[in-house]
file start00.pdb (PDB, C-alpha atoms and all ligand atoms)
MODEL        1
ATOM      1  CA  MET A   1      11.819  -3.992  10.597
ATOM      2  CA  ARG A   2       9.434  -3.528  13.482
ATOM      3  CA  VAL A   3       5.819  -2.444  12.912
ATOM      4  CA  ASP A   4       3.370  -1.862  15.772
ATOM      5  CA  VAL A   5      -0.369  -1.623  15.196
ATOM      6  CA  PHE A   6      -2.830  -0.147  17.711
ATOM      7  CA  SER A   7      -6.399  -1.267  17.200
ATOM      8  CA  LEU A   8      -9.704  -2.031  18.873
ATOM      9  CA  PHE A   9      -9.742  -5.261  16.837
ATOM     10  CA  PRO A  10      -6.423  -6.921  17.666
ATOM     11  CA  ASP A  11      -7.653 -10.380  16.625
ATOM     12  CA  LEU A  12      -8.593  -9.115  13.171
ATOM     13  CA  VAL A  13      -5.208  -7.426  12.752
ATOM     14  CA  GLY A  14      -3.375 -10.484  14.080
ATOM     15  CA  ALA A  15      -5.155 -12.766  11.613
ATOM     16  CA  PHE A  16      -4.109 -10.541   8.729
ATOM     17  CA  LEU A  17      -0.503 -10.354   9.907
ATOM     18  CA  ASP A  18      -0.264 -14.149  10.174
ATOM     19  CA  ALA A  19      -1.528 -14.809   6.659
ATOM     20  CA  SER A  20       0.287 -15.115   3.370
ATOM     21  CA  LEU A  21       3.724 -13.617   2.652
ATOM     22  CA  ILE A  22       3.583 -11.305   5.650
ATOM     23  CA  GLY A  23       2.811 -14.200   7.982
ATOM     24  CA  LYS A  24       5.768 -16.098   6.550
ATOM     25  CA  ALA A  25       8.106 -13.120   6.974
ATOM     26  CA  ARG A  26       6.792 -12.703  10.508
ATOM     27  CA  ALA A  27       7.393 -16.368  11.353
ATOM     28  CA  GLU A  28      10.916 -16.176   9.918
ATOM     29  CA  GLY A  29      11.715 -13.075  11.969
ATOM     30  CA  VAL A  30      12.190 -10.794   8.929
ATOM     31  CA  LEU A  31       9.327  -8.635  10.212
ATOM     32  CA  ASP A  32       8.695  -7.934  13.901
ATOM     33  CA  LEU A  33       4.972  -7.162  13.906
ATOM     34  CA  ARG A  34       3.252  -6.290  17.183
ATOM     35  CA  VAL A  35      -0.437  -5.738  17.772
ATOM     36  CA  HIS A  36      -1.763  -3.717  20.725
ATOM     37  CA  ASP A  37      -5.339  -3.702  21.984
ATOM     38  CA  LEU A  38      -6.414  -0.097  22.527
ATOM     39  CA  ARG A  39      -8.897  -1.345  25.094
ATOM     40  CA  SER A  40      -6.135  -2.838  27.252
ATOM     41  CA  HIS A  41      -5.498   0.497  28.938
ATOM     42  CA  ALA A  42      -9.109   1.660  29.219
ATOM     43  CA  SER A  43     -10.295   2.351  32.739
ATOM     44  CA  GLY A  44     -13.693   2.268  34.425
ATOM     45  CA  VAL A  45     -16.226  -0.542  34.691
ATOM     46  CA  HIS A  46     -17.063  -0.434  31.016
ATOM     47  CA  ARG A  47     -13.496   0.069  29.838
ATOM     48  CA  ALA A  48     -14.796   2.713  27.473
ATOM     49  CA  VAL A  49     -12.515   3.945  24.723
ATOM     50  CA  ASP A  50     -14.961   6.337  23.108
ATOM     51  CA  ASP A  51     -17.219   9.138  24.239
ATOM     52  CA  ALA A  52     -19.616  11.746  22.828
ATOM     53  CA  PRO A  53     -18.065  14.802  21.155
ATOM     54  CA  TYR A  54     -17.990  18.128  23.020
ATOM     55  CA  GLY A  55     -20.224  20.579  21.205
ATOM     56  CA  GLY A  56     -22.606  17.833  20.154
ATOM     57  CA  GLY A  57     -23.041  16.033  16.888
ATOM     58  CA  ALA A  58     -23.383  12.504  15.645
ATOM     59  CA  GLY A  59     -21.153   9.597  16.563
ATOM     60  CA  MET A  60     -18.473   8.968  19.129
ATOM     61  CA  VAL A  61     -14.853  10.041  19.457
ATOM     62  CA  LEU A  62     -11.842   7.906  20.428
ATOM     63  CA  MET A  63     -10.695   9.124  23.877
ATOM     64  CA  ALA A  64      -7.206  10.479  24.489
ATOM     65  CA  GLU A  65      -6.570   8.731  27.820
ATOM     66  CA  PRO A  66      -6.674   5.027  26.831
ATOM     67  CA  VAL A  67      -4.911   5.703  23.544
ATOM     68  CA  PHE A  68      -2.039   7.660  25.145
ATOM     69  CA  ALA A  69      -1.709   4.992  27.867
ATOM     70  CA  CYS A  70      -1.606   2.127  25.362
ATOM     71  CA  VAL A  71       0.929   3.832  23.075
ATOM     72  CA  GLU A  72       3.164   4.999  25.931
ATOM     73  CA  ALA A  73       3.264   1.489  27.428
ATOM     74  CA  ALA A  74       4.335   0.013  24.082
ATOM     75  CA  ALA A  75       7.016   2.626  23.259
ATOM     76  CA  PRO A  76       6.473   1.837  19.563
ATOM     77  CA  PRO A  77       8.792   2.622  16.666
ATOM     78  CA  ARG A  78       8.315   6.059  15.139
ATOM     79  CA  PRO A  79       6.866   7.528  13.044
ATOM     80  CA  LEU A  80       3.513   6.718  14.611
ATOM     81  CA  LEU A  81       0.917   7.377  11.935
ATOM     82  CA  GLY A  82      -2.795   7.764  12.603
ATOM     83  CA  LEU A  83      -5.076   6.339   9.921
ATOM     84  CA  ALA A  84      -7.802   8.753   8.933
ATOM     85  CA  PRO A  85      -9.407  10.073   5.744
ATOM     86  CA  SER A  86      -7.967  13.513   6.559
ATOM     87  CA  GLY A  87      -4.366  12.266   6.329
ATOM     88  CA  ARG A  88      -1.739  12.489   3.612
ATOM     89  CA  VAL A  89      -2.703  10.132   0.801
ATOM     90  CA  PHE A  90      -0.599   6.971   0.881
ATOM     91  CA  ASP A  91       1.263   6.088  -2.329
ATOM     92  CA  GLN A  92       4.147   3.943  -3.592
ATOM     93  CA  GLY A  93       6.671   6.693  -2.806
ATOM     94  CA  LEU A  94       5.661   6.728   0.840
ATOM     95  CA  ALA A  95       5.659   2.909   0.909
ATOM     96  CA  ALA A  96       9.277   3.000  -0.311
ATOM     97  CA  GLU A  97      10.203   5.620   2.310
ATOM     98  CA  LEU A  98       8.730   3.535   5.127
ATOM     99  CA  ALA A  99      10.366   0.370   3.758
ATOM    100  CA  ALA A 100      13.774   2.069   3.863
ATOM    101  CA  GLY A 101      13.520   2.733   7.624
ATOM    102  CA  ASP A 102      13.760   0.421  10.668
ATOM    103  CA  GLY A 103      10.079   0.565  11.500
ATOM    104  CA  PHE A 104       6.922   2.569  12.050
ATOM    105  CA  SER A 105       3.591   2.301  13.869
ATOM    106  CA  LEU A 106      -0.043   2.637  12.884
ATOM    107  CA  LEU A 107      -2.933   3.824  15.002
ATOM    108  CA  CYS A 108      -6.320   2.636  13.765
ATOM    109  CA  GLY A 109      -9.283   4.862  14.498
ATOM    110  CA  ARG A 110     -12.909   3.833  14.783
ATOM    111  CA  TYR A 111     -16.031   5.874  15.362
ATOM    112  CA  GLU A 112     -16.079   9.472  14.125
ATOM    113  CA  GLY A 113     -12.390  10.052  14.731
ATOM    114  CA  PHE A 114      -9.658  10.675  17.301
ATOM    115  CA  ASP A 115      -9.760  13.234  20.089
ATOM    116  CA  ALA A 116      -7.679  16.081  18.618
ATOM    117  CA  ARG A 117      -5.185  15.803  21.493
ATOM    118  CA  ILE A 118      -4.144  12.456  19.978
ATOM    119  CA  THR A 119      -3.643  13.975  16.527
ATOM    120  CA  ASP A 120      -1.873  17.046  17.898
ATOM    121  CA  ASN A 121       0.341  15.502  20.578
ATOM    122  CA  LEU A 122       0.736  11.755  20.152
ATOM    123  CA  VAL A 123       1.030  10.845  16.490
ATOM    124  CA  ASP A 124       3.674  12.075  14.058
ATOM    125  CA  GLY A 125       1.265  12.380  11.156
ATOM    126  CA  GLU A 126      -1.896  11.015   9.573
ATOM    127  CA  LEU A 127      -2.323   8.729   6.575
ATOM    128  CA  SER A 128      -5.304   8.140   4.314
ATOM    129  CA  ILE A 129      -5.518   5.343   1.747
ATOM    130  CA  GLY A 130      -7.887   7.302  -0.493
ATOM    131  CA  ASP A 131     -10.752   9.715  -0.746
ATOM    132  CA  TYR A 132     -13.462   7.600   0.841
ATOM    133  CA  VAL A 133     -14.486   6.931   4.414
ATOM    134  CA  LEU A 134     -13.964   3.528   6.033
ATOM    135  CA  ALA A 135     -15.583   2.454   9.290
ATOM    136  CA  GLY A 136     -12.140   2.199  10.884
ATOM    137  CA  GLY A 137      -8.427   2.258  10.201
ATOM    138  CA  GLU A 138      -7.760  -1.504  10.192
ATOM    139  CA  VAL A 139      -8.272  -2.087   6.479
ATOM    140  CA  ALA A 140      -6.128   0.982   5.781
ATOM    141  CA  ALA A 141      -3.416  -0.435   8.071
ATOM    142  CA  PHE A 142      -3.494  -3.680   6.074
ATOM    143  CA  VAL A 143      -2.996  -1.735   2.862
ATOM    144  CA  VAL A 144      -0.033   0.187   4.274
ATOM    145  CA  ILE A 145       1.620  -2.870   5.840
ATOM    146  CA  GLU A 146       1.242  -4.997   2.723
ATOM    147  CA  ALA A 147       2.562  -2.294   0.383
ATOM    148  CA  VAL A 148       5.560  -1.630   2.660
ATOM    149  CA  ALA A 149       6.331  -5.219   3.674
ATOM    150  CA  ARG A 150       6.703  -6.496   0.118
ATOM    151  CA  LEU A 151       9.440  -3.901  -0.470
ATOM    152  CA  VAL A 152      11.464  -5.147   2.500
ATOM    153  CA  PRO A 153      14.277  -7.445   1.315
ATOM    154  CA  GLY A 154      13.529 -11.063   2.187
ATOM    155  CA  VAL A 155       9.743 -10.712   2.223
ATOM    156  CA  LEU A 156       9.039 -11.353  -1.467
ATOM    157  CA  GLY A 157      10.587 -14.397  -3.113
ATOM    158  CA  ASN A 158      11.686 -12.469  -6.185
ATOM    159  CA  GLN A 159      13.065  -8.982  -5.574
ATOM    160  CA  ALA A 160      13.170  -8.258  -9.324
ATOM    161  CA  SER A 161       9.385  -8.254  -9.447
ATOM    162  CA  VAL A 162       9.402  -5.246  -7.116
ATOM    163  CA  ASP A 163      11.682  -3.323  -9.461
ATOM    164  CA  GLU A 164       9.681  -4.046 -12.599
ATOM    165  CA  GLU A 165       6.175  -3.510 -11.363
ATOM    166  CA  SER A 166       3.703  -0.665 -11.694
ATOM    167  CA  PHE A 167       4.795   2.679 -10.267
ATOM    168  CA  ALA A 168       8.467   1.729  -9.875
ATOM    169  CA  ASP A 169       8.977   4.031 -12.869
ATOM    170  CA  ASP A 170       5.700   5.958 -12.503
ATOM    171  CA  LEU A 171       4.256   3.776 -15.266
ATOM    172  CA  LEU A 172       1.635   1.052 -15.210
ATOM    173  CA  GLU A 173       2.828  -2.480 -15.782
ATOM    174  CA  TYR A 174       2.878  -4.072 -19.246
ATOM    175  CA  PRO A 175       0.555  -7.062 -19.917
ATOM    176  CA  GLN A 176       1.867 -10.522 -19.017
ATOM    177  CA  TYR A 177       1.091 -13.888 -20.598
ATOM    178  CA  THR A 178       1.791 -17.500 -19.731
ATOM    179  CA  ARG A 179       1.002 -20.831 -21.433
ATOM    180  CA  PRO A 180      -0.809 -21.817 -23.611
ATOM    181  CA  PRO A 181       0.357 -19.779 -26.644
ATOM    182  CA  VAL A 182      -3.221 -19.637 -27.925
ATOM    183  CA  PHE A 183      -6.141 -19.694 -25.496
ATOM    184  CA  ARG A 184      -9.518 -19.929 -27.237
ATOM    185  CA  HIS A 185      -8.738 -17.705 -30.227
ATOM    186  CA  TRP A 186      -6.524 -15.272 -28.304
ATOM    187  CA  PRO A 187      -2.812 -15.629 -29.106
ATOM    188  CA  VAL A 188       0.180 -14.456 -27.085
ATOM    189  CA  PRO A 189       1.886 -11.586 -28.976
ATOM    190  CA  ASP A 190       4.534 -13.055 -31.305
ATOM    191  CA  VAL A 191       7.314 -10.822 -30.008
ATOM    192  CA  LEU A 192       7.129 -12.441 -26.540
ATOM    193  CA  ARG A 193       7.869 -15.842 -28.086
ATOM    194  CA  SER A 194      10.552 -14.564 -30.474
ATOM    195  CA  GLY A 195      13.506 -15.014 -28.120
ATOM    196  CA  ASP A 196      14.672 -11.494 -29.066
ATOM    197  CA  HIS A 197      15.298  -9.983 -25.615
ATOM    198  CA  ARG A 198      15.819  -6.485 -26.891
ATOM    199  CA  ALA A 199      12.541  -6.556 -28.858
ATOM    200  CA  VAL A 200      10.716  -7.940 -25.812
ATOM    201  CA  ALA A 201      12.070  -5.123 -23.630
ATOM    202  CA  GLU A 202      11.072  -2.492 -26.180
ATOM    203  CA  TRP A 203       7.604  -3.970 -26.647
ATOM    204  CA  ARG A 204       7.043  -4.060 -22.886
ATOM    205  CA  ARG A 205       8.154  -0.493 -22.433
ATOM    206  CA  ALA A 206       5.890   0.645 -25.285
ATOM    207  CA  GLN A 207       2.964  -1.239 -23.727
ATOM    208  CA  SER A 208       3.621   0.390 -20.343
ATOM    209  CA  LEU A 209       3.737   3.824 -21.928
ATOM    210  CA  ALA A 210       0.589   3.266 -24.010
ATOM    211  CA  ARG A 211      -1.380   1.867 -21.070
ATOM    212  CA  THR A 212      -0.343   4.689 -18.798
ATOM    213  CA  GLN A 213      -1.178   7.277 -21.432
ATOM    214  CA  ALA A 214      -4.631   5.738 -21.972
ATOM    215  CA  ARG A 215      -5.572   4.984 -18.358
ATOM    216  CA  ARG A 216      -3.567   7.363 -16.176
ATOM    217  CA  PRO A 217      -2.553  10.410 -18.228
ATOM    218  CA  ASP A 218      -1.948  12.212 -14.913
ATOM    219  CA  LEU A 219       1.071   9.948 -14.334
ATOM    220  CA  ILE A 220       2.543  10.825 -17.740
ATOM    221  CA  GLU A 221       1.987  14.506 -17.053
ATOM    222  CA  ARG A 222       3.651  14.230 -13.642
ATOM    223  CA  ARG A 223       6.837  12.884 -15.205
ATOM    224  CA  GLY A 224       6.879  15.743 -17.726
ATOM    225  CA  GLY A 225       5.288  14.080 -20.768
ATOM    226  CA  LEU A 226       6.901  11.587 -23.154
ATOM    227  CA  THR A 227      10.503  11.899 -24.335
ATOM    228  CA  ASP A 228      11.292  11.715 -28.061
ATOM    229  CA  GLU A 229      12.719   8.250 -27.515
ATOM    230  CA  GLU A 230       9.481   7.127 -25.851
ATOM    231  CA  LYS A 231       7.378   8.579 -28.665
ATOM    232  CA  ALA A 232       9.505   6.647 -31.156
ATOM    233  CA  LEU A 233       9.065   3.431 -29.158
ATOM    234  CA  LEU A 234       5.307   3.919 -29.149
ATOM    235  CA  GLU A 235       5.249   4.498 -32.894
ATOM    236  CA  ARG A 236       7.488   1.531 -33.616
ATOM    237  CA  TRP A 237       5.516  -0.982 -31.582
ATOM    238  CA  ALA A 238       2.162   0.669 -32.361
ATOM    239  CA  PRO A 239       0.304  -0.668 -29.364
ATOM    240  CA  GLU A 240      -3.450  -0.772 -29.643
ATOM    241  CA  GLU A 241      -4.447   1.301 -26.599
TER     242      GLU A 241
HETATM  243  N1  LIG A 301     -10.209   5.577   8.287
HETATM  244  C1  LIG A 301     -11.405   5.848   7.740
HETATM  245  N2  LIG A 301     -11.283   6.134   6.429
HETATM  246  C2  LIG A 301      -9.965   6.036   6.130
HETATM  247  C3  LIG A 301      -9.189   6.220   4.948
HETATM  248  N3  LIG A 301      -9.738   6.567   3.786
HETATM  249  N4  LIG A 301      -7.862   6.036   5.032
HETATM  250  C4  LIG A 301      -7.290   5.695   6.206
HETATM  251  N5  LIG A 301      -7.949   5.523   7.342
HETATM  252  C5  LIG A 301      -9.277   5.687   7.317
ENDMDL
END
call {"tool": "encode", "arguments": {"input": "start00.pdb", "output": "structure tokens"}}
result
Amino acid sequence: MRVDVFSLFPDLVGAFLDASLIGKARAEGVLDLRVHDLRSHASGVHRAVDDAPYGGGAGMVLMAEPVFACVEAAAPPRPLLGLAPSGRVFDQGLAAELAAGDGFSLLCGRYEGFDARITDNLVDGELSIGDYVLAGGEVAAFVVIEAVARLVPGVLGNQASVDEESFADDLLEYPQYTRPPVFRHWPVPDVLRSGDHRAVAEWRRAQSLARTQARRPDLIERRGGLTDEEKALLERWAPEE
């Protein structure tokens, strides 16, 4: 999978891409990650990439010319997605869609936003990582790359952990425990140490359902409420939440 990132802070992006699991996948050639400096195609003495908005107002706008030139020189994999708070909100479903393809590209904004000619004629769409405003798209790009990369086979050590985790089934993850069996006065639930695999699976599913119902009822609603079987599981394992 190839991923290209366009940024005014290529060193920052490069440092992120070289760290941790993503850095390892990059070094092993599982991920082909390329960083492009938006300033590399800026012209003029000051190599400006931003300018004041027509019509007035606060802040600066990322100029079309250097951004088009940089992207066109790189011929990056599509879709090319601009990162902006006005974009489609990124979620696990979109991460899975991007992970299933051969690659994509991210354009990080700074300042007050992109010249609209970039949004209208260069990118294929816009992505937001949530309803808040960042100072630039780099942190959002990190979120998108990390969420997608860990779904790509060969990036995570244990593929099963991808299948079992939060959101794979539109449910939050069940609680996990490791040694010791009693820490301070807090014990590990007996069922997890029982060796009864079926009981463990049922308990975990009940915990996931109860947690999701308590913390994210919107997710339960989105999947059409609880089935009779799920209600029975909840009753049987009577989780506390
Ligand atoms: N740039 C600024 N804010 C952003 C957000 N919430 N998501 C993606 N890119 C952004």
call {"tool": "residues_near_point", "arguments": {"input": "start00.pdb", "point": "(-15.0, 5.5, 15.4)", "cutoff": "7 Å", "atoms": "only C-alpha atoms", "output": "PyMOL selection string"}}
result
chain A and resi 60-62+109-113+135-136
call {"tool": "residues_around", "arguments": {"input": "start00.pdb", "residues": "Arg204 of chain A", "least_positions_apart": "6", "cutoff": "12 Å", "atoms": "all atoms listed in the file", "output": "PyMOL selection string"}}
result
chain A and resi 164-165+171-177+189+191-192+197-198+210-211+230+233-234+237-239
call {"tool": "closest_residue", "arguments": {"input": "start00.pdb", "among": "A:Asp4, A:Asp50, A:Glu126, A:Glu146", "to": "ligand LIG 301 (chain A)", "atoms": "only C-alpha atoms and all ligand atoms"}}
result
A:Glu126
call {"tool": "closest_atom_pairs", "arguments": {"input": "start00.pdb", "of": "chain A", "to": "ligand LIG 301 (chain A)", "cutoff": "12 Å", "atoms": "all atoms listed in the file", "output": "Markdown table"}}
result
| residue | atom | partner | partner_atom | distance |
| --- | --- | --- | --- | --- |
| A:Ser7 | CA | A:LIG301 | N1 | 11.9 |
| A:Leu81 | CA | A:LIG301 | C4 | 10.1 |
| A:Gly82 | CA | A:LIG301 | N5 | 7.7 |
| A:Leu83 | CA | A:LIG301 | N5 | 3.9 |
| A:Ala84 | CA | A:LIG301 | N5 | 3.6 |
| A:Pro85 | CA | A:LIG301 | C3 | 3.9 |
| A:Ser86 | CA | A:LIG301 | C3 | 7.6 |
| A:Gly87 | CA | A:LIG301 | C4 | 7.2 |
| A:Arg88 | CA | A:LIG301 | N4 | 9.0 |
| A:Val89 | CA | A:LIG301 | N4 | 7.8 |
| A:Phe90 | CA | A:LIG301 | N4 | 8.4 |
| A:Asp91 | CA | A:LIG301 | N4 | 11.7 |
| A:Leu106 | CA | A:LIG301 | N5 | 10.1 |
| A:Leu107 | CA | A:LIG301 | N5 | 9.3 |
| A:Cys108 | CA | A:LIG301 | N5 | 7.2 |
| A:Gly109 | CA | A:LIG301 | N1 | 6.3 |
| A:Arg110 | CA | A:LIG301 | N1 | 7.2 |
| A:Tyr111 | CA | A:LIG301 | C1 | 8.9 |
| A:Glu112 | CA | A:LIG301 | C1 | 8.7 |
| A:Gly113 | CA | A:LIG301 | N1 | 8.1 |
| A:Phe114 | CA | A:LIG301 | N1 | 10.4 |
| A:Gly125 | CA | A:LIG301 | C4 | 11.9 |
| A:Glu126 | CA | A:LIG301 | C4 | 8.3 |
| A:Leu127 | CA | A:LIG301 | C4 | 5.8 |
| A:Ser128 | CA | A:LIG301 | N4 | 3.4 |
| A:Ile129 | CA | A:LIG301 | N4 | 4.1 |
| A:Gly130 | CA | A:LIG301 | N3 | 4.7 |
| A:Asp131 | CA | A:LIG301 | N3 | 5.6 |
| A:Tyr132 | CA | A:LIG301 | N3 | 4.9 |
| A:Val133 | CA | A:LIG301 | N2 | 3.9 |
| A:Leu134 | CA | A:LIG301 | N2 | 3.8 |
| A:Ala135 | CA | A:LIG301 | C1 | 5.6 |
| A:Gly136 | CA | A:LIG301 | N1 | 4.7 |
| A:Gly137 | CA | A:LIG301 | N1 | 4.2 |
| A:Glu138 | CA | A:LIG301 | N5 | 7.6 |
| A:Val139 | CA | A:LIG301 | N5 | 7.7 |
| A:Ala140 | CA | A:LIG301 | C4 | 4.9 |
| A:Ala141 | CA | A:LIG301 | C4 | 7.5 |
| A:Phe142 | CA | A:LIG301 | C4 | 10.1 |
| A:Val143 | CA | A:LIG301 | C4 | 9.2 |
| A:Val144 | CA | A:LIG301 | C4 | 9.3 |
call {"tool": "resolve_selection", "arguments": {"input": "start00.pdb", "expression": "the PyMOL selection byres (((chain A and resi 23) around 12) and not hetatm)", "output": "VMD selection string"}}
result
chain A and resid 13 to 22 24 to 33 145 to 146 149 to 150 155 to 156
call {"tool": "residues_around", "arguments": {"input": "start00.pdb", "residues": "segment 217-229 of chain A", "least_positions_apart": "4", "cutoff": "12 Å", "atoms": "all atoms listed in the file", "output": "VMD selection string"}}
result
chain A and resid 166 to 172 202 205 to 206 208 to 213 233 to 236
call {"tool": "atom_distance", "arguments": {"input": "start00.pdb", "atom1": "atom CA of Ala214 of chain A", "atom2": "atom CA of Phe183 of chain A"}}
result
25.7 Å
call {"tool": "atom_distance", "arguments": {"input": "start00.pdb", "atom1": "atom CA of Val123 of chain A", "atom2": "atom CA of Pro79 of chain A"}}
result
7.5 Å
call {"tool": "axis_aligned_box", "arguments": {"input": "start00.pdb", "around": "segment 71-88 of chain A", "padding_each_side": "6 Å", "output": "lines of an AutoDock Vina configuration file"}}
result
center_x = -0.3
center_y = 6.8
center_z = 15.5
size_x = 30.2
size_y = 25.5
size_z = 35.8
call {"tool": "closest_residue", "arguments": {"input": "start00.pdb", "among": "A:Ala58, A:Val188, A:Val148, A:Val67", "to": "Gly103 of chain A", "atoms": "only C-alpha atoms"}}
result
A:Val148
call {"tool": "resolve_selection", "arguments": {"input": "start00.pdb", "expression": "the PyMOL selection byres (((chain A and resi 101) around 10) and not hetatm)", "output": "PyMOL selection string"}}
result
chain A and resi 1-2+78-79+96-100+102-104+152
call {"tool": "atom_distance", "arguments": {"input": "start00.pdb", "atom1": "atom CA of Trp203 of chain A", "atom2": "atom CA of Ala147 of chain A"}}
result
27.5 Å
call {"tool": "resolve_selection", "arguments": {"input": "start00.pdb", "expression": "the PyMOL selection byres (((chain A and resi 42) around 12) and not hetatm)", "output": "list in words"}}
result
Leu8, Asp37, Leu38, Arg39, Ser40, His41, Ser43, Gly44, Val45, His46, Arg47, Ala48, Val49, Asp50, Leu62, Met63, Ala64, Glu65, Pro66, Val67, Phe68, Ala69, Cys70 and Val71 of chain A
